[in-house]
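Q: Below you'll find work_13.cif; it's mmCIF, C-alpha atoms.
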```
data_protein
#
loop_
_atom_site.group_PDB
_atom_site.id
_atom_site.type_symbol
_atom_site.label_atom_id
_atom_site.label_comp_id
_atom_site.auth_asym_id
_atom_site.auth_seq_id
_atom_site.Cartn_x
_atom_site.Cartn_y
_atom_site.Cartn_z
ATOM 1 C CA MET Z 4 -24.694 14.279 -7.453
ATOM 2 C CA THR Z 5 -27.846 14.299 -5.394
ATOM 3 C CA GLY Z 6 -28.030 13.687 -1.677
ATOM 4 C CA ALA Z 7 -29.583 10.297 -2.239
ATOM 5 C CA GLU Z 8 -26.749 9.320 -4.572
ATOM 6 C CA VAL Z 9 -24.161 10.425 -2.016
ATOM 7 C CA ILE Z 10 -25.847 8.356 0.669
ATOM 8 C CA ALA Z 11 -26.022 5.356 -1.658
ATOM 9 C CA LEU Z 12 -22.350 5.744 -2.505
ATOM 10 C CA LEU Z 13 -21.359 6.038 1.154
ATOM 11 C CA THR Z 14 -23.466 2.979 1.947
ATOM 12 C CA LEU Z 15 -21.406 1.040 -0.559
ATOM 13 C CA VAL Z 16 -18.000 2.523 0.261
ATOM 14 C CA LEU Z 17 -17.979 2.808 4.048
ATOM 15 C CA PRO Z 18 -18.286 -0.938 4.765
ATOM 16 C CA LEU Z 19 -15.383 -1.556 2.389
ATOM 17 C CA VAL Z 20 -13.286 1.111 4.123
ATOM 18 C CA ALA Z 21 -14.143 -0.321 7.534
ATOM 19 C CA LYS Z 22 -13.234 -3.807 6.332
ATOM 20 C CA TYR Z 23 -10.013 -3.133 4.448
ATOM 21 C CA ALA Z 24 -8.503 0.112 5.840
ATOM 22 C CA PRO Z 25 -6.939 -1.505 8.943
ATOM 23 C CA GLY Z 26 -5.307 -4.153 6.785
ATOM 24 C CA VAL Z 27 -4.027 -1.579 4.311
ATOM 25 C CA LEU Z 28 -2.560 0.527 7.102
ATOM 26 C CA ALA Z 29 -1.065 -2.536 8.755
ATOM 27 C CA SER Z 30 0.534 -3.492 5.461
ATOM 28 C CA LEU Z 31 2.062 -0.008 5.240
ATOM 29 C CA THR Z 32 4.044 -0.813 8.347
ATOM 30 C CA GLY Z 33 5.044 -4.215 7.043
ATOM 31 C CA HIS Z 34 3.828 -5.851 10.241
ATOM 32 C CA GLN Z 35 0.803 -8.117 10.314
ATOM 33 C CA THR Z 36 1.055 -9.594 13.768
ATOM 34 C CA ASP Z 37 2.505 -8.726 17.155
ATOM 35 C CA GLU Z 38 5.059 -11.504 16.749
ATOM 36 C CA GLU Z 39 6.235 -10.189 13.378
ATOM 37 C CA ALA Z 40 6.449 -6.629 14.668
ATOM 38 C CA LEU Z 41 8.471 -7.766 17.685
ATOM 39 C CA ALA Z 42 10.739 -9.948 15.548
ATOM 40 C CA HIS Z 43 11.334 -7.000 13.220
ATOM 41 C CA ALA Z 44 12.255 -4.773 16.184
ATOM 42 C CA ASP Z 45 14.549 -7.488 17.586
ATOM 43 C CA ALA Z 46 16.329 -7.793 14.241
ATOM 44 C CA LYS Z 47 16.886 -4.029 14.119
ATOM 45 C CA LEU Z 48 18.311 -4.066 17.633
ATOM 46 C CA THR Z 49 20.616 -6.973 16.871
ATOM 47 C CA ALA Z 50 22.103 -4.992 13.982
ATOM 48 C CA LEU Z 51 23.183 -2.163 16.299
ATOM 49 C CA ARG Z 52 26.774 -2.179 17.517
ATOM 50 C CA GLN Z 53 28.511 -1.578 20.803
ATOM 51 C CA ASN Z 54 31.326 0.989 20.858
ATOM 52 C CA PRO Z 55 30.933 2.150 17.241
ATOM 53 C CA ALA Z 56 33.863 4.562 17.459
ATOM 54 C CA ALA Z 57 36.290 2.072 18.982
ATOM 55 C CA SER Z 58 35.103 -0.553 16.489
ATOM 56 C CA ALA Z 59 35.908 1.745 13.571
ATOM 57 C CA ILE Z 60 39.402 2.387 14.962
ATOM 58 C CA ASP Z 61 40.018 -1.327 15.512
ATOM 59 C CA ASP Z 62 38.800 -2.071 12.001
ATOM 60 C CA GLU Z 63 41.179 0.498 10.509
ATOM 61 C CA LEU Z 64 44.072 -0.967 12.500
ATOM 62 C CA HIS Z 65 43.223 -4.471 11.306
ATOM 63 C CA ARG Z 66 43.057 -3.270 7.716
ATOM 64 C CA ALA Z 67 46.424 -1.571 8.024
ATOM 65 C CA ALA Z 68 47.956 -4.675 9.572
ATOM 66 C CA ALA Z 69 46.534 -6.857 6.799
ATOM 67 C CA LYS Z 70 48.036 -4.712 4.046
ATOM 68 C CA PRO Z 71 51.128 -6.294 2.501
ATOM 69 C CA THR Z 72 54.264 -4.382 3.445
ATOM 70 C CA SER Z 73 56.435 -3.159 0.575
ATOM 71 C CA PRO Z 74 59.917 -4.736 0.416
ATOM 72 C CA MET U 28 10.775 3.969 7.730
ATOM 73 C CA LYS U 29 8.599 6.686 6.168
ATOM 74 C CA ASN U 30 5.750 4.212 5.810
ATOM 75 C CA SER U 31 6.075 3.269 9.466
ATOM 76 C CA LEU U 32 6.020 6.904 10.532
ATOM 77 C CA PHE U 33 2.993 7.554 8.334
ATOM 78 C CA ALA U 34 1.119 4.672 9.943
ATOM 79 C CA LEU U 35 2.155 5.789 13.424
ATOM 80 C CA ALA U 36 1.007 9.325 12.674
ATOM 81 C CA LEU U 37 -2.387 8.029 11.577
ATOM 82 C CA CYS U 38 -2.632 6.083 14.833
ATOM 83 C CA PHE U 39 -2.028 9.202 16.870
ATOM 84 C CA LEU U 40 -4.573 11.140 14.858
ATOM 85 C CA GLY U 41 -7.104 8.690 16.225
ATOM 86 C CA THR U 42 -8.200 7.381 12.868
ATOM 87 C CA GLY U 43 -7.708 3.784 13.919
ATOM 88 C CA CYS U 44 -4.661 2.213 12.403
ATOM 89 C CA GLY U 45 -5.322 -1.466 12.707
ATOM 90 C CA MET U 46 -2.191 -1.859 14.813
ATOM 91 C CA SER U 47 -2.253 -3.291 18.315
ATOM 92 C CA PRO U 48 -0.554 -1.364 21.164
ATOM 93 C CA THR U 49 2.285 -3.899 20.992
ATOM 94 C CA GLN U 50 2.716 -3.293 17.262
ATOM 95 C CA VAL U 51 2.743 0.489 17.739
ATOM 96 C CA GLN U 52 5.504 0.153 20.345
ATOM 97 C CA ALA U 53 7.441 -2.355 18.228
ATOM 98 C CA VAL U 54 7.325 -0.040 15.210
ATOM 99 C CA GLY U 55 8.496 2.790 17.470
ATOM 100 C CA ILE U 56 11.481 0.670 18.545
ATOM 101 C CA SER U 57 12.236 -0.229 14.919
ATOM 102 C CA VAL U 58 12.167 3.407 13.806
ATOM 103 C CA ALA U 59 14.366 4.495 16.723
ATOM 104 C CA ALA U 60 16.771 1.635 15.945
ATOM 105 C CA ASP U 61 16.952 2.774 12.314
ATOM 106 C CA LEU U 62 17.837 6.306 13.409
ATOM 107 C CA THR U 63 20.441 4.953 15.836
ATOM 108 C CA ALA U 64 21.954 2.835 13.064
ATOM 109 C CA GLY U 65 22.206 6.002 10.960
ATOM 110 C CA GLY U 66 23.994 7.685 13.845
ATOM 111 C CA GLU U 67 26.416 4.774 14.138
ATOM 112 C CA GLU U 68 27.150 5.084 10.433
ATOM 113 C CA ALA U 69 27.910 8.788 10.825
ATOM 114 C CA ILE U 70 30.175 8.023 13.800
ATOM 115 C CA ASP U 71 31.973 5.332 11.818
ATOM 116 C CA HIS U 72 32.771 7.684 8.911
ATOM 117 C CA ALA U 73 33.850 10.525 11.190
ATOM 118 C CA VAL U 74 36.133 8.315 13.313
ATOM 119 C CA ARG U 75 37.879 6.799 10.295
ATOM 120 C CA ALA U 76 38.428 10.244 8.773
ATOM 121 C CA ASP U 77 39.733 11.588 12.079
ATOM 122 C CA LEU U 78 42.091 8.634 12.498
ATOM 123 C CA HIS U 79 43.618 9.022 9.032
ATOM 124 C CA ASN U 80 43.908 12.793 9.294
ATOM 125 C CA THR U 81 45.339 12.804 12.812
ATOM 126 C CA CYS U 82 47.442 9.654 12.681
ATOM 127 C CA PRO U 83 48.553 9.001 9.079
ATOM 128 C CA THR U 84 51.158 6.475 10.272
ATOM 129 C CA LEU U 85 48.803 4.985 12.893
ATOM 130 C CA ALA U 86 51.381 5.492 15.622
ATOM 131 C CA ASP U 87 50.297 3.842 18.861
ATOM 132 C CA THR U 88 50.261 6.966 21.028
ATOM 133 C CA CYS U 89 48.378 8.924 18.360
ATOM 134 C CA VAL U 90 45.770 6.171 17.938
ATOM 135 C CA ALA U 91 45.364 6.010 21.712
ATOM 136 C CA THR U 92 44.682 9.739 21.787
ATOM 137 C CA VAL U 93 42.070 9.484 19.043
ATOM 138 C CA ARG U 94 40.476 6.524 20.819
ATOM 139 C CA ALA U 95 40.276 8.513 24.045
ATOM 140 C CA ASN U 96 38.776 11.504 22.251
ATOM 141 C CA TRP U 97 35.967 9.342 20.877
ATOM 142 C CA ALA U 98 35.289 7.429 24.095
ATOM 143 C CA PRO U 99 32.458 9.772 25.212
ATOM 144 C CA VAL U 100 30.701 9.113 21.894
ATOM 145 C CA ASP U 101 30.868 5.378 22.494
ATOM 146 C CA VAL U 102 29.445 5.837 25.985
ATOM 147 C CA ALA U 103 26.556 7.905 24.598
ATOM 148 C CA ALA U 104 25.906 5.482 21.721
ATOM 149 C CA ASN U 105 26.009 2.461 24.033
ATOM 150 C CA ALA U 106 23.463 4.143 26.306
ATOM 151 C CA VAL U 107 21.069 4.485 23.371
ATOM 152 C CA VAL U 108 21.441 0.811 22.463
ATOM 153 C CA ALA U 109 20.942 -0.184 26.111
ATOM 154 C CA ALA U 110 17.811 1.969 26.368
ATOM 155 C CA LEU U 111 16.396 0.519 23.152
ATOM 156 C CA THR U 112 17.097 -3.002 24.392
ATOM 157 C CA ALA U 113 15.392 -2.203 27.701
ATOM 158 C CA TRP U 114 12.373 -0.776 25.855
ATOM 159 C CA ASP U 115 12.148 -3.952 23.771
ATOM 160 C CA ALA U 116 12.486 -6.161 26.864
ATOM 161 C CA ALA U 117 9.826 -4.149 28.717
ATOM 162 C CA LEU U 118 7.491 -4.582 25.754
ATOM 163 C CA ASP U 119 8.032 -8.344 25.793
ATOM 164 C CA ILE U 120 7.383 -8.528 29.535
ATOM 165 C CA ALA U 121 4.239 -6.373 29.276
ATOM 166 C CA ARG U 122 2.893 -8.520 26.480
ATOM 167 C CA GLU U 123 3.494 -11.734 28.378
ATOM 168 C CA ALA U 124 1.933 -10.223 31.514
ATOM 169 C CA GLY U 125 -1.100 -8.999 29.562
ATOM 170 C CA VAL U 126 -0.744 -5.374 30.632
ATOM 171 C CA ASN U 127 -0.975 -2.223 28.532
ATOM 172 C CA PRO U 128 2.442 -1.917 26.892
ATOM 173 C CA GLY U 129 2.089 1.853 26.623
ATOM 174 C CA ALA U 130 2.169 2.165 30.403
ATOM 175 C CA ALA U 131 4.578 -0.693 31.037
ATOM 176 C CA VAL U 132 7.290 0.597 28.738
ATOM 177 C CA LEU U 133 6.975 4.221 29.820
ATOM 178 C CA HIS U 134 10.227 4.447 31.775
ATOM 179 C CA ALA U 135 12.224 2.502 29.203
ATOM 180 C CA ALA U 136 10.938 4.676 26.376
ATOM 181 C CA ARG U 137 11.690 7.855 28.314
ATOM 182 C CA ALA U 138 15.224 6.590 28.944
ATOM 183 C CA LEU U 139 15.592 6.060 25.205
ATOM 184 C CA VAL U 140 14.517 9.616 24.413
ATOM 185 C CA ALA U 141 16.958 11.013 27.006
ATOM 186 C CA ALA U 142 19.830 8.796 25.815
ATOM 187 C CA TYR U 143 19.209 9.630 22.167
ATOM 188 C CA GLU U 144 19.125 13.370 22.882
ATOM 189 C CA ASN U 145 22.390 13.012 24.831
ATOM 190 C CA LEU U 146 23.968 11.247 21.841
ATOM 191 C CA ARG U 147 22.724 14.001 19.513
ATOM 192 C CA GLU U 148 24.227 16.687 21.748
ATOM 193 C CA THR U 149 27.512 14.797 22.104
ATOM 194 C CA LEU U 150 27.792 14.441 18.325
ATOM 195 C CA HIS U 151 26.653 18.022 17.705
ATOM 196 C CA ALA U 152 29.609 19.217 19.784
ATOM 197 C CA LEU U 153 31.804 17.335 17.287
ATOM 198 C CA HIS U 154 29.967 18.894 14.325
ATOM 199 C CA ILE U 155 28.215 15.619 13.504
ATOM 200 C CA GLU U 156 24.479 15.978 13.032
ATOM 201 C CA ILE U 157 22.038 13.086 13.338
ATOM 202 C CA SER U 158 18.274 13.121 12.899
ATOM 203 C CA PRO U 159 16.162 13.938 15.950
ATOM 204 C CA LEU U 160 13.614 11.420 17.108
ATOM 205 C CA PRO U 161 10.420 12.107 15.158
ATOM 206 C CA ALA U 162 7.343 13.399 16.950
ATOM 207 C CA ALA U 163 5.660 10.072 16.170
ATOM 208 C CA ILE U 164 8.149 8.414 18.565
ATOM 209 C CA THR U 165 8.044 10.946 21.360
ATOM 210 C CA ALA U 166 4.235 10.888 21.131
ATOM 211 C CA LEU U 167 4.403 7.232 22.200
ATOM 212 C CA ILE U 168 5.423 8.427 25.633
ATOM 213 C CA PRO U 169 2.664 9.919 27.788
ATOM 214 C CA LEU U 170 3.636 13.055 29.692
ATOM 215 C CA GLU U 171 2.303 11.767 32.996
ATOM 216 C CA THR U 172 3.256 8.498 34.561
ATOM 217 C CA SER U 173 0.434 6.050 34.848
ATOM 218 C CA PRO U 174 0.167 2.730 36.649
ATOM 219 C CA LEU U 175 0.094 -0.516 34.770
ATOM 220 C CA ILE U 176 -3.335 -0.998 33.269
ATOM 221 C CA PRO U 177 -4.611 -4.475 32.356
ATOM 222 C CA LEU U 178 -5.301 -4.716 28.627
ATOM 223 C CA GLU U 179 -8.984 -5.499 29.211
ATOM 224 C CA ALA U 180 -9.434 -2.338 31.273
ATOM 225 C CA SER U 181 -7.474 -0.095 28.917
ATOM 226 C CA SER U 182 -9.523 -1.123 25.902
ATOM 227 C CA THR U 183 -12.831 -0.047 27.410
#
```
Give the structure from the file, written as structure tokens.

A:
Amino acid sequence: MTGAEVIALLTLVLPLVAKYAPGVLASLTGHQTDEEALAHADAKLTALRQNPAASAIDDELHRAAAKPTSP
Amino acid sequence: MKNSLFALALCFLGTGCGMSPTQVQAVGISVAADLTAGGEEAIDHAVRADLHNTCPTLADTCVATVRANWAPVDVAANAVVAALTAWDAALDIAREAGVNPGAAVLHAARALVAAYENLRETLHALHIEISPLPAAITALIPLETSPLIPLEASST
């Protein structure tokens, strides 16, 4: 490939990269807007628990209490 | 999460990632929340196993002992959630105030890193390993404190 061909190719490709690369990278993150990114972060935070260890113990106790007792 | 980290890494390499400062911080919070959720899952499994091994009959005094043994883990885990929530709130406030979120959320993000490392150390002492915060997250936090910078000024 000659130098002129390389320059011609870059002339064609670079504007496309400049136009679409930010969108492609943004799509990699799954976030298109500030609002969506913040909502996604909020949803992740809401899913976190308080007192995970105590919750697990309480859950096990509830399960044991819910089990039918043998006669 | 890998895609998010890849995009964050590209941002830090200065290639231009198409993400606003708010989006970069929000993705950082999401990734840290994912890691914390993984830690909570590991805690959940370990606590249930400990309870059944230590207290097969779930006697009250035995359960109380197990609960007390795990209390420091809950304190450490709650601190991580609180720090993440503070980081998220600081980001919201910075965005509404129109200031650079990178500077505005500095203290909250640092608190998250410290709290997460404390949780890792607490769990490590119990032979439970959780992932460290990736460099892409810690890179969100500048080493030196900086005053709040209006968005217009920071973009020039």

Q: Mind checking which residues fall within 12 Å of Ala95 (chain U), counting all atoms listed in the file, ignoring those fewer than 5 positions away in the same chain, and posting them as a PyMOL selection string?

A: (chain Z and resi 56-57+60) or (chain U and resi 74+78+88-90+100-102)

Q: If you count all atoms listed in the file, which residues fall within 9 Å of Ile157 (chain U), apart from same-chain ones fewer than 3 positions away, as a list in words?

A: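 Contacts, with the query itself left out: Leu62, Thr63, Gly65, Gly66, Ala69, Leu146, Arg147, Leu150 and His151 of chain U.
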
Q: How far is it from CA of Leu118 (chain U) to CA of Pro55 (chain Z), in Å with one decimal?

A: 25.8 Å

Q: Once you add 5 Å to each side, what are the centre and edge lengths of the axis-aligned box holding all listed atoms of region 83-94 of chain U? One decimal in Å, as AutoDock Vina command-line options, if you can.

A:
```
--center_x 45.9 --center_y 6.8 --center_z 15.4 --size_x 20.9 --size_y 15.9 --size_z 22.7
```

Q: For CA of Ala64 (chain U) and CA of Thr49 (chain Z), quote the distance in Å rounded to one decimal.

A: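 About the pair CA of Ala64 (chain U) and CA of Thr49 (chain Z): they are 10.6 Å apart.
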
Q: Counting all atoms listed in the file, figure out which residue out of U:Pro48, U:Leu85, U:Ala53, U:Thr165 gets nearest to Glu39 (chain Z).

A: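 Of the candidates, the smallest distance to Glu39 (chain Z) is held by U:Ala53.
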
Q: Which residues, written as a list in words, have at least one atom at most 12 Å from region 63-67 of chain Z, with all atoms listed in the file counted and residues fewer than 3 positions away on the same chain left out?

A: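 The contact residues come out as Ala56, Ala57, Ser58, Ala59, Ile60, Lys70, Pro71 and Thr72 of chain Z; Asp71, His72, Val74, Arg75, Ala76, Asp77, Leu78, His79, Cys82, Pro83, Thr84, Leu85, Ala86, Asp87, Val90, Ala91 and Arg94 of chain U.
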
Q: Go through the shown structure with the PyMOL selection byres ((chain Z and resi 37) around 10) and write out the matching residues as a list in words.

A: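 Against this file, the PyMOL selection byres ((chain Z and resi 37) around 10) returns the residues His34, Gln35, Thr36, Glu38, Glu39, Ala40, Leu41, Ala42 and His43 of chain Z; Met46, Ser47, Pro48, Thr49, Gln50, Val51, Gln52, Ala53 and Arg122 of chain U.
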
Q: Could you work out how far CA of Pro159 (chain U) lies from CA of Ala116 (chain U), giving the answer in Å with one decimal?

A: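 Separating CA of Ala116 (chain U) from CA of Pro159 (chain U) is a distance of 23.2 Å.
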